[in-house]
Number of protein chains: 2
Amino acid sequence: MAEETIVVALGGNAILQPGQKGTAVEQRANIRATAGAIASLVEMGHRVVVTHGNGPQVGNILIQHEAGSDQVPAMPLDVCGAESQGQIGYMIQQALRNELRARGLPASVASVVTQVVVRADDPAFGNPTKPVGPFYPEDRARVLETERGWVMREVRPGFWRRVVPSPDPVRIVELEEVRTLSEAGTLVIASGGGGIPVTERADGVLEGVEAVIDKDLAGQRLAVGMGADVFAIFTDVDRVALAYGTPEQRFLDRMTLDEARTYLEAGHFPPGSMGPKVLAVIRFLEAGGGRALIASIKQAAEALAGKAGTTIVR
Amino acid sequence: MAEETIVVALGGNAILQPGQKGTAVEQRANIRATAGAIASLVEMGHRVVVTHGNGPQVGNILIQHEAGSDQVPAMPLDVCGAESQGQIGYMIQQALRNELRARGLPASVASVVTQVVVRADDPAFGNPTKPVGPFYPEDRARVLETERGWVMREVRPGFWRRVVPSPDPVRIVELEEVRTLSEAGTLVIASGGGGIPVTERADGVLEGVEAVIDKDLAGQRLAVGMGADVFAIFTDVDRVALAYGTPEQRFLDRMTLDEARTYLEAGHFPPGSMGPKVLAVIRFLEAGGGRALIASIKQAAEALAGKAGTTIVR
């Protein structure tokens, strides 16, 4: 099989699994397994670019910044996202380099700090919906609303969280740099956590904004920008399901672009989980991408061969 | 003048100035000024690679991790260093891209997460000397010694801090990736905070270690690896001084490699500040580097022209 360019989007549990606290030891063990799966794709001759989520990690960073805020200034959300790119990028980069080298493969891996442009007039900015960071009691929530201008929402009785906008990614700022490295044979890790959200002024100046970008939607922009043959979303389910969680639940091995659109519109995929993944896949195929996968990271190689996961084609 | 390759090492005050708390607003304002100075070098036709310190930033991150440690796991020091690379790299990268674009220059900038190999048998591991992170009362210090195996030292009566080794940098792991980007015209930010310290096992496996690497010594490895014509250490003093802080204090416009060695051996440069800078410069020139500068970031362009700062030549 000819070499393909594959953009791999890693979900949270490729790095941190439900129920785990998020120690470095836990994250490293998960990442080691993930690195093995990715290295298998490289071993098959493919060119791989990796992007990843950062939900649990940036959540922990926000808790740490809040806990230390009487001693040192808490950083805005864009800077916290950049910190999470450093943290996760480092761990993936080291594990992948080790794994590739152990297999006798060229072991060039690098994480690039990545900004992603969002539109300043994205409707999401008028309707922040994504809860981030720690839970607060109401009195502290009120203080944060006043002092920092945060939007707070009571997510459970007596427990408040900050909610932030989740605007649509428009453009990967460091796309050319990622491409340069990838073309030179480097396995690049980019656009971690959906990228650091920035707006672009009319004069071209980039400014960080306090928001979060869906990592699969940003991964789609990366995949198209890289001219990827395959956009592979690896997550914690084996396949896409219709009527998920109901008696009519049915897993799909294969889906066409038209079917994906129809199912998405019919409400088969929940907004917070499978919805954005299917939307990302639809956009990838609409932009000319060859095929997309939604599969478990444990079955990465099988999914690529069409023997596991859900393959989506035009 | 022909284009030169310049590796620029930015000191702490290029990012955060003494007396500042370290808010994102403060850091961004400092970095904007620094970006202007660096952009001037690019405008003169030079190829620039940037490295930077992370002392105040990783210090704050350690305080945050400690403050949040009853809620989320504190990360080891190598991971905290990686977080600081993301944080600082992002802010420099954004400011530089904005500045280059505003001047109508090609605006390709990228931060690469960078590991730096140190020797597992470096004598520094037997003698941790570098204080990092928060101050603790003695009882907490004793708990940390037992629970985490940290080495704690009473730095002021009643105030304890963790001390970690500061091993000598041997090799920039991501050197080839930095070179690839730089040769393609990208202004690369690399080896932040001296790089993430890792040891290399006999089988080639890299493992993070809890240590800090001097950013100027790591910058020297980067400069030699890049084949730099100029290694420029920008710091908070205008020039190198002999007998600093004494009535005999004398500033130097120029110094030869032999003189630098002699002055260093004679104890003119304090170990924690100018000492490692002069040592880094000596190593750069010994390895075949053309010339080195130690100067204020505010006089970057003048220093490069030999009209400010201290120039050190073979």
# chains A, B, ... in the order shown; residues from 1 in each chain; ligands from 1
$ interface_residues --of "chain B" --to "chain A" --cutoff "7 Å" --atoms "only C-alpha atoms" --output "PyMOL selection string"
chain B and resi 21-24+60+63-65+67-68+72-73+75+79+82-87+90+94+98+110-113+174+177+180-181+205-206
$ residues_around --residues "region 3-7 of chain B" --least-positions-apart "4" --cutoff "12 Å" --atoms "only C-alpha atoms" --output "number ranges by chain"
B: 38, 41-52, 178-179, 182-183, 185, 187-191, 216, 218-234, 281, 284, 289-293, 300-301, 304
$ atom_distance --atom1 "CA of Tyr244 (chain A)" --atom2 "CA of Thr129 (chain A)"
23.3 Å
$ select_by_dssp --residues "region 106-207 of chain A" --states "strand (DSSP E or B)" --output "mmCIF file with all heavy atoms, in the first residue's frame"
data_model
loop_
_atom_site.group_PDB
_atom_site.id
_atom_site.type_symbol
_atom_site.label_atom_id
_atom_site.label_comp_id
_atom_site.auth_asym_id
_atom_site.auth_seq_id
_atom_site.Cartn_x
_atom_site.Cartn_y
_atom_site.Cartn_z
ATOM 1 N N VAL A 109 10.605 13.451 16.102
ATOM 2 C CA VAL A 109 9.294 13.833 16.630
ATOM 3 C C VAL A 109 9.407 15.221 17.230
ATOM 4 O O VAL A 109 10.403 15.520 17.908
ATOM 5 C CB VAL A 109 8.816 12.859 17.740
ATOM 6 C CG1 VAL A 109 7.370 13.166 18.132
ATOM 7 C CG2 VAL A 109 8.972 11.401 17.336
ATOM 8 N N ALA A 110 8.445 16.080 16.994
ATOM 9 C CA ALA A 110 8.484 17.407 17.611
ATOM 10 C C ALA A 110 7.075 17.954 17.813
ATOM 11 O O ALA A 110 6.195 17.777 16.961
ATOM 12 C CB ALA A 110 9.288 18.380 16.745
ATOM 13 N N SER A 111 6.878 18.610 18.943
ATOM 14 C CA SER A 111 5.620 19.309 19.216
ATOM 15 C C SER A 111 5.801 20.777 18.886
ATOM 16 O O SER A 111 6.769 21.400 19.309
ATOM 17 C CB SER A 111 5.251 19.210 20.693
ATOM 18 O OG SER A 111 5.221 17.882 21.109
ATOM 19 N N VAL A 112 4.846 21.310 18.141
ATOM 20 C CA VAL A 112 4.864 22.722 17.775
ATOM 21 C C VAL A 112 3.728 23.429 18.521
ATOM 22 O O VAL A 112 2.571 23.011 18.430
ATOM 23 C CB VAL A 112 4.686 22.895 16.249
ATOM 24 C CG1 VAL A 112 4.532 24.364 15.876
ATOM 25 C CG2 VAL A 112 5.860 22.265 15.514
ATOM 26 N N GLN A 115 -1.300 28.012 17.487
ATOM 27 C CA GLN A 115 -2.429 28.910 17.639
ATOM 28 C C GLN A 115 -3.453 28.595 16.540
ATOM 29 O O GLN A 115 -3.081 28.226 15.430
ATOM 30 C CB GLN A 115 -1.971 30.362 17.485
ATOM 31 C CG GLN A 115 -0.829 30.740 18.425
ATOM 32 C CD GLN A 115 -0.272 32.123 18.125
ATOM 33 O OE1 GLN A 115 -0.783 33.119 18.591
ATOM 34 N NE2 GLN A 115 0.791 32.179 17.337
ATOM 35 N N VAL A 116 -4.713 28.785 16.863
ATOM 36 C CA VAL A 116 -5.780 28.562 15.889
ATOM 37 C C VAL A 116 -6.669 29.799 15.861
ATOM 38 O O VAL A 116 -7.150 30.248 16.907
ATOM 39 C CB VAL A 116 -6.588 27.295 16.234
ATOM 40 C CG1 VAL A 116 -7.833 27.184 15.358
ATOM 41 C CG2 VAL A 116 -5.723 26.049 16.073
ATOM 42 N N VAL A 117 -6.851 30.334 14.667
ATOM 43 C CA VAL A 117 -7.663 31.549 14.518
ATOM 44 C C VAL A 117 -9.145 31.198 14.615
ATOM 45 O O VAL A 117 -9.607 30.241 13.993
ATOM 46 C CB VAL A 117 -7.380 32.243 13.172
ATOM 47 C CG1 VAL A 117 -8.354 33.401 12.940
ATOM 48 C CG2 VAL A 117 -5.942 32.744 13.119
ATOM 49 N N VAL A 118 -9.852 31.980 15.410
ATOM 50 C CA VAL A 118 -11.324 31.923 15.444
ATOM 51 C C VAL A 118 -11.843 33.309 15.073
ATOM 52 O O VAL A 118 -11.118 34.302 15.176
ATOM 53 C CB VAL A 118 -11.856 31.503 16.834
ATOM 54 C CG1 VAL A 118 -11.352 30.121 17.213
ATOM 55 C CG2 VAL A 118 -11.472 32.526 17.903
ATOM 56 N N LYS A 130 -19.233 26.239 27.447
ATOM 57 C CA LYS A 130 -18.320 25.150 27.799
ATOM 58 C C LYS A 130 -17.791 25.353 29.226
ATOM 59 O O LYS A 130 -17.043 26.299 29.482
ATOM 60 C CB LYS A 130 -17.155 25.174 26.799
ATOM 61 C CG LYS A 130 -16.165 24.051 26.961
ATOM 62 C CD LYS A 130 -16.558 22.811 26.194
ATOM 63 C CE LYS A 130 -15.570 21.687 26.494
ATOM 64 N NZ LYS A 130 -16.053 20.383 26.078
ATOM 65 N N PRO A 131 -18.156 24.478 30.176
ATOM 66 C CA PRO A 131 -17.640 24.628 31.539
ATOM 67 C C PRO A 131 -16.168 24.233 31.599
ATOM 68 O O PRO A 131 -15.761 23.227 31.020
ATOM 69 C CB PRO A 131 -18.486 23.639 32.357
ATOM 70 C CG PRO A 131 -19.493 23.046 31.413
ATOM 71 C CD PRO A 131 -19.011 23.298 30.029
ATOM 72 N N VAL A 132 -15.375 25.060 32.277
ATOM 73 C CA VAL A 132 -13.945 24.756 32.431
ATOM 74 C C VAL A 132 -13.523 25.023 33.879
ATOM 75 O O VAL A 132 -14.094 25.871 34.563
ATOM 76 C CB VAL A 132 -13.053 25.613 31.493
ATOM 77 C CG1 VAL A 132 -13.294 25.267 30.035
ATOM 78 C CG2 VAL A 132 -13.252 27.102 31.742
ATOM 79 N N GLY A 133 -12.495 24.293 34.304
ATOM 80 C CA GLY A 133 -11.873 24.562 35.594
ATOM 81 C C GLY A 133 -12.674 24.097 36.787
ATOM 82 O O GLY A 133 -13.602 23.288 36.663
ATOM 83 N N PRO A 134 -12.298 24.613 37.962
ATOM 84 C CA PRO A 134 -12.844 24.101 39.221
ATOM 85 C C PRO A 134 -14.309 24.467 39.446
ATOM 86 O O PRO A 134 -14.861 25.348 38.790
ATOM 87 C CB PRO A 134 -11.966 24.763 40.290
ATOM 88 C CG PRO A 134 -11.298 25.905 39.646
ATOM 89 C CD PRO A 134 -11.268 25.640 38.179
ATOM 90 N N PHE A 135 -14.896 23.790 40.422
ATOM 91 C CA PHE A 135 -16.216 24.147 40.946
ATOM 92 C C PHE A 135 -16.018 25.180 42.053
ATOM 93 O O PHE A 135 -15.064 25.100 42.820
ATOM 94 C CB PHE A 135 -16.904 22.905 41.532
ATOM 95 C CG PHE A 135 -17.236 21.858 40.513
ATOM 96 C CD1 PHE A 135 -16.287 20.926 40.104
ATOM 97 C CD2 PHE A 135 -18.496 21.805 39.948
ATOM 98 C CE1 PHE A 135 -16.586 19.952 39.159
ATOM 99 C CE2 PHE A 135 -18.817 20.829 39.009
ATOM 100 C CZ PHE A 135 -17.861 19.911 38.611
ATOM 101 N N TYR A 136 -16.922 26.156 42.114
ATOM 102 C CA TYR A 136 -16.838 27.197 43.138
ATOM 103 C C TYR A 136 -18.162 27.289 43.890
ATOM 104 O O TYR A 136 -19.227 27.058 43.304
ATOM 105 C CB TYR A 136 -16.584 28.564 42.493
ATOM 106 C CG TYR A 136 -15.329 28.676 41.684
ATOM 107 C CD1 TYR A 136 -15.338 28.455 40.312
ATOM 108 C CD2 TYR A 136 -14.117 29.033 42.293
ATOM 109 C CE1 TYR A 136 -14.182 28.567 39.554
ATOM 110 C CE2 TYR A 136 -12.963 29.149 41.541
ATOM 111 C CZ TYR A 136 -12.999 28.918 40.175
ATOM 112 O OH TYR A 136 -11.848 29.032 39.425
ATOM 113 N N VAL A 151 -18.011 34.513 33.053
ATOM 114 C CA VAL A 151 -19.411 34.093 33.073
ATOM 115 C C VAL A 151 -19.481 32.798 33.886
ATOM 116 O O VAL A 151 -18.784 31.833 33.577
ATOM 117 C CB VAL A 151 -19.946 33.862 31.649
ATOM 118 C CG1 VAL A 151 -21.404 33.401 31.696
ATOM 119 C CG2 VAL A 151 -19.804 35.134 30.822
ATOM 120 N N MET A 152 -20.270 32.818 34.954
ATOM 121 C CA MET A 152 -20.361 31.663 35.850
ATOM 122 C C MET A 152 -21.750 31.040 35.720
ATOM 123 O O MET A 152 -22.742 31.746 35.520
ATOM 124 C CB MET A 152 -20.128 32.091 37.300
ATOM 125 C CG MET A 152 -18.845 32.891 37.535
ATOM 126 S SD MET A 152 -17.308 32.002 37.174
ATOM 127 C CE MET A 152 -17.305 30.761 38.480
ATOM 128 N N ARG A 153 -21.794 29.726 35.851
ATOM 129 C CA ARG A 153 -23.078 29.038 35.767
ATOM 130 C C ARG A 153 -23.160 27.997 36.884
ATOM 131 O O ARG A 153 -22.192 27.309 37.192
ATOM 132 C CB ARG A 153 -23.208 28.366 34.402
ATOM 133 C CG ARG A 153 -24.545 27.655 34.211
ATOM 134 C CD ARG A 153 -24.754 27.254 32.779
ATOM 135 N NE ARG A 153 -24.726 28.406 31.887
ATOM 136 C CZ ARG A 153 -24.593 28.320 30.565
ATOM 137 N NH1 ARG A 153 -24.432 27.146 29.997
ATOM 138 N NH2 ARG A 153 -24.571 29.420 29.834
ATOM 139 N N GLU A 154 -24.347 27.881 37.470
ATOM 140 C CA GLU A 154 -24.565 26.878 38.513
ATOM 141 C C GLU A 154 -24.801 25.538 37.824
ATOM 142 O O GLU A 154 -25.865 25.295 37.260
ATOM 143 C CB GLU A 154 -25.766 27.274 39.380
ATOM 144 C CG GLU A 154 -25.885 26.432 40.644
ATOM 145 C CD GLU A 154 -26.966 26.952 41.581
ATOM 146 O OE1 GLU A 154 -27.868 27.664 41.097
ATOM 147 O OE2 GLU A 154 -26.903 26.658 42.790
ATOM 148 N N VAL A 155 -23.808 24.650 37.851
ATOM 149 C CA VAL A 155 -23.905 23.397 37.098
ATOM 150 C C VAL A 155 -24.571 22.297 37.922
ATOM 151 O O VAL A 155 -25.121 21.345 37.366
ATOM 152 C CB VAL A 155 -22.521 22.927 36.591
ATOM 153 C CG1 VAL A 155 -22.033 23.864 35.488
ATOM 154 C CG2 VAL A 155 -21.509 22.851 37.719
ATOM 155 N N ARG A 156 -24.473 22.401 39.219
ATOM 156 C CA ARG A 156 -25.220 21.552 40.153
ATOM 157 C C ARG A 156 -25.633 22.460 41.300
ATOM 158 O O ARG A 156 -24.938 23.453 41.548
ATOM 159 C CB ARG A 156 -24.332 20.428 40.731
ATOM 160 C CG ARG A 156 -23.972 19.337 39.773
ATOM 161 C CD ARG A 156 -23.664 18.004 40.526
ATOM 162 N NE ARG A 156 -22.769 18.184 41.665
ATOM 163 C CZ ARG A 156 -21.446 17.976 41.614
ATOM 164 N NH1 ARG A 156 -20.877 17.632 40.502
ATOM 165 N NH2 ARG A 156 -20.714 18.134 42.693
ATOM 166 N N PHE A 159 -23.016 24.466 43.195
ATOM 167 C CA PHE A 159 -21.701 24.337 42.566
ATOM 168 C C PHE A 159 -21.666 25.136 41.259
ATOM 169 O O PHE A 159 -22.433 24.849 40.340
ATOM 170 C CB PHE A 159 -21.362 22.867 42.291
ATOM 171 C CG PHE A 159 -21.130 22.079 43.536
ATOM 172 C CD1 PHE A 159 -22.190 21.445 44.178
ATOM 173 C CD2 PHE A 159 -19.859 21.979 44.089
ATOM 174 C CE1 PHE A 159 -21.989 20.723 45.351
ATOM 175 C CE2 PHE A 159 -19.648 21.247 45.248
ATOM 176 C CZ PHE A 159 -20.708 20.629 45.882
ATOM 177 N N TRP A 160 -20.778 26.079 41.227
ATOM 178 C CA TRP A 160 -20.677 26.968 40.082
ATOM 179 C C TRP A 160 -19.388 26.712 39.313
ATOM 180 O O TRP A 160 -18.362 26.382 39.884
ATOM 181 C CB TRP A 160 -20.716 28.437 40.559
ATOM 182 C CG TRP A 160 -22.046 28.800 41.162
ATOM 183 C CD1 TRP A 160 -22.589 28.308 42.322
ATOM 184 C CD2 TRP A 160 -23.007 29.715 40.629
ATOM 185 N NE1 TRP A 160 -23.821 28.854 42.543
ATOM 186 C CE2 TRP A 160 -24.110 29.732 41.519
ATOM 187 C CE3 TRP A 160 -23.045 30.521 39.483
ATOM 188 C CZ2 TRP A 160 -25.226 30.523 41.306
ATOM 189 C CZ3 TRP A 160 -24.155 31.312 39.274
ATOM 190 C CH2 TRP A 160 -25.239 31.310 40.178
ATOM 191 N N ARG A 161 -19.487 26.886 38.007
ATOM 192 C CA ARG A 161 -18.268 26.777 37.174
ATOM 193 C C ARG A 161 -18.251 27.913 36.172
ATOM 194 O O ARG A 161 -19.286 28.461 35.788
ATOM 195 C CB ARG A 161 -18.237 25.450 36.389
ATOM 196 C CG ARG A 161 -17.883 24.264 37.241
ATOM 197 C CD ARG A 161 -17.772 23.019 36.372
ATOM 198 N NE ARG A 161 -16.415 22.819 35.861
ATOM 199 C CZ ARG A 161 -16.090 21.833 35.030
ATOM 200 N NH1 ARG A 161 -17.005 21.015 34.572
ATOM 201 N NH2 ARG A 161 -14.828 21.695 34.618
ATOM 202 N N ARG A 162 -17.052 28.200 35.749
ATOM 203 C CA ARG A 162 -16.904 29.163 34.663
ATOM 204 C C ARG A 162 -17.331 28.506 33.357
ATOM 205 O O ARG A 162 -17.008 27.336 33.120
ATOM 206 C CB ARG A 162 -15.429 29.576 34.571
ATOM 207 C CG ARG A 162 -15.170 30.582 33.490
ATOM 208 C CD ARG A 162 -13.693 30.937 33.397
ATOM 209 N NE ARG A 162 -13.512 32.038 32.470
ATOM 210 C CZ ARG A 162 -12.367 32.409 31.963
ATOM 211 N NH1 ARG A 162 -11.257 31.784 32.309
ATOM 212 N NH2 ARG A 162 -12.278 33.423 31.128
ATOM 213 N N VAL A 163 -18.045 29.245 32.534
ATOM 214 C CA VAL A 163 -18.329 28.753 31.183
ATOM 215 C C VAL A 163 -17.672 29.701 30.179
ATOM 216 O O VAL A 163 -17.637 30.921 30.377
ATOM 217 C CB VAL A 163 -19.849 28.632 30.889
ATOM 218 C CG1 VAL A 163 -20.453 27.442 31.609
ATOM 219 C CG2 VAL A 163 -20.587 29.909 31.249
ATOM 220 N N VAL A 164 -17.114 29.105 29.124
ATOM 221 C CA VAL A 164 -16.406 29.903 28.116
ATOM 222 C C VAL A 164 -16.947 29.563 26.736
ATOM 223 O O VAL A 164 -17.564 28.507 26.540
ATOM 224 C CB VAL A 164 -14.876 29.660 28.163
ATOM 225 C CG1 VAL A 164 -14.304 30.086 29.511
ATOM 226 C CG2 VAL A 164 -14.540 28.215 27.858
ATOM 227 N N PRO A 169 -13.092 26.679 14.789
ATOM 228 C CA PRO A 169 -11.735 26.966 14.290
ATOM 229 C C PRO A 169 -11.759 27.350 12.813
ATOM 230 O O PRO A 169 -12.480 26.741 12.026
ATOM 231 C CB PRO A 169 -11.008 25.640 14.485
ATOM 232 C CG PRO A 169 -12.083 24.601 14.454
ATOM 233 C CD PRO A 169 -13.299 25.256 15.056
ATOM 234 N N VAL A 170 -10.989 28.357 12.457
ATOM 235 C CA VAL A 170 -10.957 28.833 11.071
ATOM 236 C C VAL A 170 -9.655 28.427 10.378
ATOM 237 O O VAL A 170 -9.645 27.976 9.244
ATOM 238 C CB VAL A 170 -11.110 30.372 11.030
ATOM 239 C CG1 VAL A 170 -10.942 30.898 9.608
ATOM 240 C CG2 VAL A 170 -12.452 30.787 11.616
ATOM 241 N N ARG A 171 -8.532 28.561 11.114
ATOM 242 C CA ARG A 171 -7.238 28.427 10.439
ATOM 243 C C ARG A 171 -6.164 28.103 11.485
ATOM 244 O O ARG A 171 -6.146 28.693 12.559
ATOM 245 C CB ARG A 171 -6.905 29.777 9.779
ATOM 246 C CG ARG A 171 -5.639 29.833 8.992
ATOM 247 C CD ARG A 171 -5.568 31.131 8.173
ATOM 248 N NE ARG A 171 -5.405 32.327 8.994
ATOM 249 C CZ ARG A 171 -4.242 32.745 9.487
ATOM 250 N NH1 ARG A 171 -3.143 32.066 9.264
ATOM 251 N NH2 ARG A 171 -4.184 33.858 10.199
ATOM 252 N N ILE A 172 -5.286 27.166 11.123
ATOM 253 C CA ILE A 172 -4.140 26.813 11.969
ATOM 254 C C ILE A 172 -3.024 27.817 11.658
ATOM 255 O O ILE A 172 -2.520 27.855 10.523
ATOM 256 C CB ILE A 172 -3.630 25.395 11.636
ATOM 257 C CG1 ILE A 172 -4.769 24.359 11.649
ATOM 258 C CG2 ILE A 172 -2.453 25.001 12.530
ATOM 259 C CD1 ILE A 172 -5.211 23.897 12.982
ATOM 260 N N LEU A 187 7.589 13.409 12.729
ATOM 261 C CA LEU A 187 6.240 13.170 13.223
ATOM 262 C C LEU A 187 5.891 14.370 14.101
ATOM 263 O O LEU A 187 6.482 14.571 15.158
ATOM 264 C CB LEU A 187 6.193 11.863 14.013
ATOM 265 C CG LEU A 187 4.814 11.257 14.232
ATOM 266 C CD1 LEU A 187 4.920 9.818 14.686
ATOM 267 C CD2 LEU A 187 3.983 12.053 15.210
ATOM 268 N N VAL A 188 4.960 15.186 13.641
ATOM 269 C CA VAL A 188 4.657 16.445 14.328
ATOM 270 C C VAL A 188 3.431 16.290 15.221
ATOM 271 O O VAL A 188 2.443 15.660 14.825
ATOM 272 C CB VAL A 188 4.404 17.589 13.323
ATOM 273 C CG1 VAL A 188 4.273 18.923 14.055
ATOM 274 C CG2 VAL A 188 5.506 17.660 12.291
ATOM 275 N N ILE A 189 3.514 16.861 16.391
ATOM 276 C CA ILE A 189 2.381 16.966 17.311
ATOM 277 C C ILE A 189 1.956 18.426 17.292
ATOM 278 O O ILE A 189 2.779 19.313 17.575
ATOM 279 C CB ILE A 189 2.790 16.521 18.725
ATOM 280 C CG1 ILE A 189 3.290 15.074 18.696
ATOM 281 C CG2 ILE A 189 1.624 16.697 19.708
ATOM 282 C CD1 ILE A 189 4.264 14.744 19.814
ATOM 283 N N ALA A 190 0.717 18.701 16.937
ATOM 284 C CA ALA A 190 0.300 20.090 16.733
ATOM 285 C C ALA A 190 -1.146 20.293 17.135
ATOM 286 O O ALA A 190 -1.915 19.338 17.264
ATOM 287 C CB ALA A 190 0.486 20.481 15.265
ATOM 288 N N ILE A 196 -4.467 26.978 20.564
ATOM 289 C CA ILE A 196 -4.656 28.154 21.406
ATOM 290 C C ILE A 196 -5.513 29.130 20.618
ATOM 291 O O ILE A 196 -5.109 29.574 19.541
ATOM 292 C CB ILE A 196 -3.306 28.816 21.749
ATOM 293 C CG1 ILE A 196 -2.351 27.789 22.364
ATOM 294 C CG2 ILE A 196 -3.518 30.009 22.683
ATOM 295 C CD1 ILE A 196 -0.898 28.231 22.367
ATOM 296 N N PRO A 197 -6.713 29.471 21.117
ATOM 297 C CA PRO A 197 -7.610 30.318 20.323
ATOM 298 C C PRO A 197 -7.119 31.756 20.247
ATOM 299 O O PRO A 197 -6.807 32.372 21.269
ATOM 300 C CB PRO A 197 -8.945 30.230 21.061
ATOM 301 C CG PRO A 197 -8.636 29.736 22.430
ATOM 302 C CD PRO A 197 -7.314 29.037 22.377
ATOM 303 N N VAL A 198 -7.046 32.274 19.042
ATOM 304 C CA VAL A 198 -6.656 33.668 18.823
ATOM 305 C C VAL A 198 -7.604 34.284 17.803
ATOM 306 O O VAL A 198 -8.129 33.597 16.933
ATOM 307 C CB VAL A 198 -5.193 33.801 18.303
ATOM 308 C CG1 VAL A 198 -4.198 33.271 19.331
ATOM 309 C CG2 VAL A 198 -4.996 33.089 16.972
ATOM 310 N N THR A 199 -7.815 35.580 17.944
ATOM 311 C CA THR A 199 -8.544 36.300 16.909
ATOM 312 C C THR A 199 -7.539 37.101 16.097
ATOM 313 O O THR A 199 -6.438 37.407 16.568
ATOM 314 C CB THR A 199 -9.600 37.254 17.502
ATOM 315 O OG1 THR A 199 -8.959 38.113 18.456
ATOM 316 C CG2 THR A 199 -10.703 36.482 18.201
ATOM 317 N N GLU A 200 -7.917 37.420 14.869
ATOM 318 C CA GLU A 200 -7.017 38.133 13.975
ATOM 319 C C GLU A 200 -7.646 39.489 13.654
ATOM 320 O O GLU A 200 -8.747 39.561 13.116
ATOM 321 C CB GLU A 200 -6.830 37.317 12.691
ATOM 322 C CG GLU A 200 -5.798 37.897 11.748
ATOM 323 C CD GLU A 200 -5.386 36.899 10.663
ATOM 324 O OE1 GLU A 200 -6.147 35.952 10.402
ATOM 325 O OE2 GLU A 200 -4.300 37.081 10.090
ATOM 326 N N LEU A 206 -2.491 39.042 15.855
ATOM 327 C CA LEU A 206 -3.159 37.949 16.562
ATOM 328 C C LEU A 206 -3.243 38.260 18.048
ATOM 329 O O LEU A 206 -2.285 38.760 18.635
ATOM 330 C CB LEU A 206 -2.379 36.646 16.369
ATOM 331 C CG LEU A 206 -2.179 36.165 14.942
ATOM 332 C CD1 LEU A 206 -1.384 34.861 14.938
ATOM 333 C CD2 LEU A 206 -3.505 35.982 14.229
ATOM 334 N N GLU A 207 -4.398 37.955 18.643
ATOM 335 C CA GLU A 207 -4.587 38.169 20.073
ATOM 336 C C GLU A 207 -5.252 36.951 20.679
ATOM 337 O O GLU A 207 -6.266 36.473 20.162
ATOM 338 C CB GLU A 207 -5.492 39.400 20.309
ATOM 339 C CG GLU A 207 -4.847 40.710 19.910
ATOM 340 C CD GLU A 207 -5.792 41.907 20.066
ATOM 341 O OE1 GLU A 207 -7.008 41.739 19.844
ATOM 342 O OE2 GLU A 207 -5.297 42.990 20.407
#
$ closest_residue --among "A:Pro123, A:Gly309, A:Gly194, A:Gly53" --to "Ala241 (chain A)" --atoms "only C-alpha atoms"
A:Gly309
$ residues_around --residues "Ile297 (chain B)" --least-positions-apart "2" --cutoff "10 Å" --atoms "only C-alpha atoms" --output "list in words"
Val8, Ala9, Leu10, Gly11, Asn13, Ala14, Ala33, Thr34, Ala35, Gly36, Ala37, Ile38, Ala232, Ile233, Phe234, Thr235, Asp236, Val237, Asp238, Ile294, Ala295, Gln299, Ala300, Ala301, Glu302, Ala303 and Gly309 of chain B
$ select_by_dssp --residues "region 17-264 of chain A" --states "alpha helix (DSSP H)" --output "PyMOL selection string"
chain A and resi 24-43+55-67+77-102+138-148+175-183+215-225+257-264
$ atom_distance --atom1 "CA of Asp258 (chain B)" --atom2 "CA of Ala280 (chain B)"
13.9 Å
$ atom_distance --atom1 "CA of Gly245 (chain A)" --atom2 "CA of Gly19 (chain A)"
21.1 Å
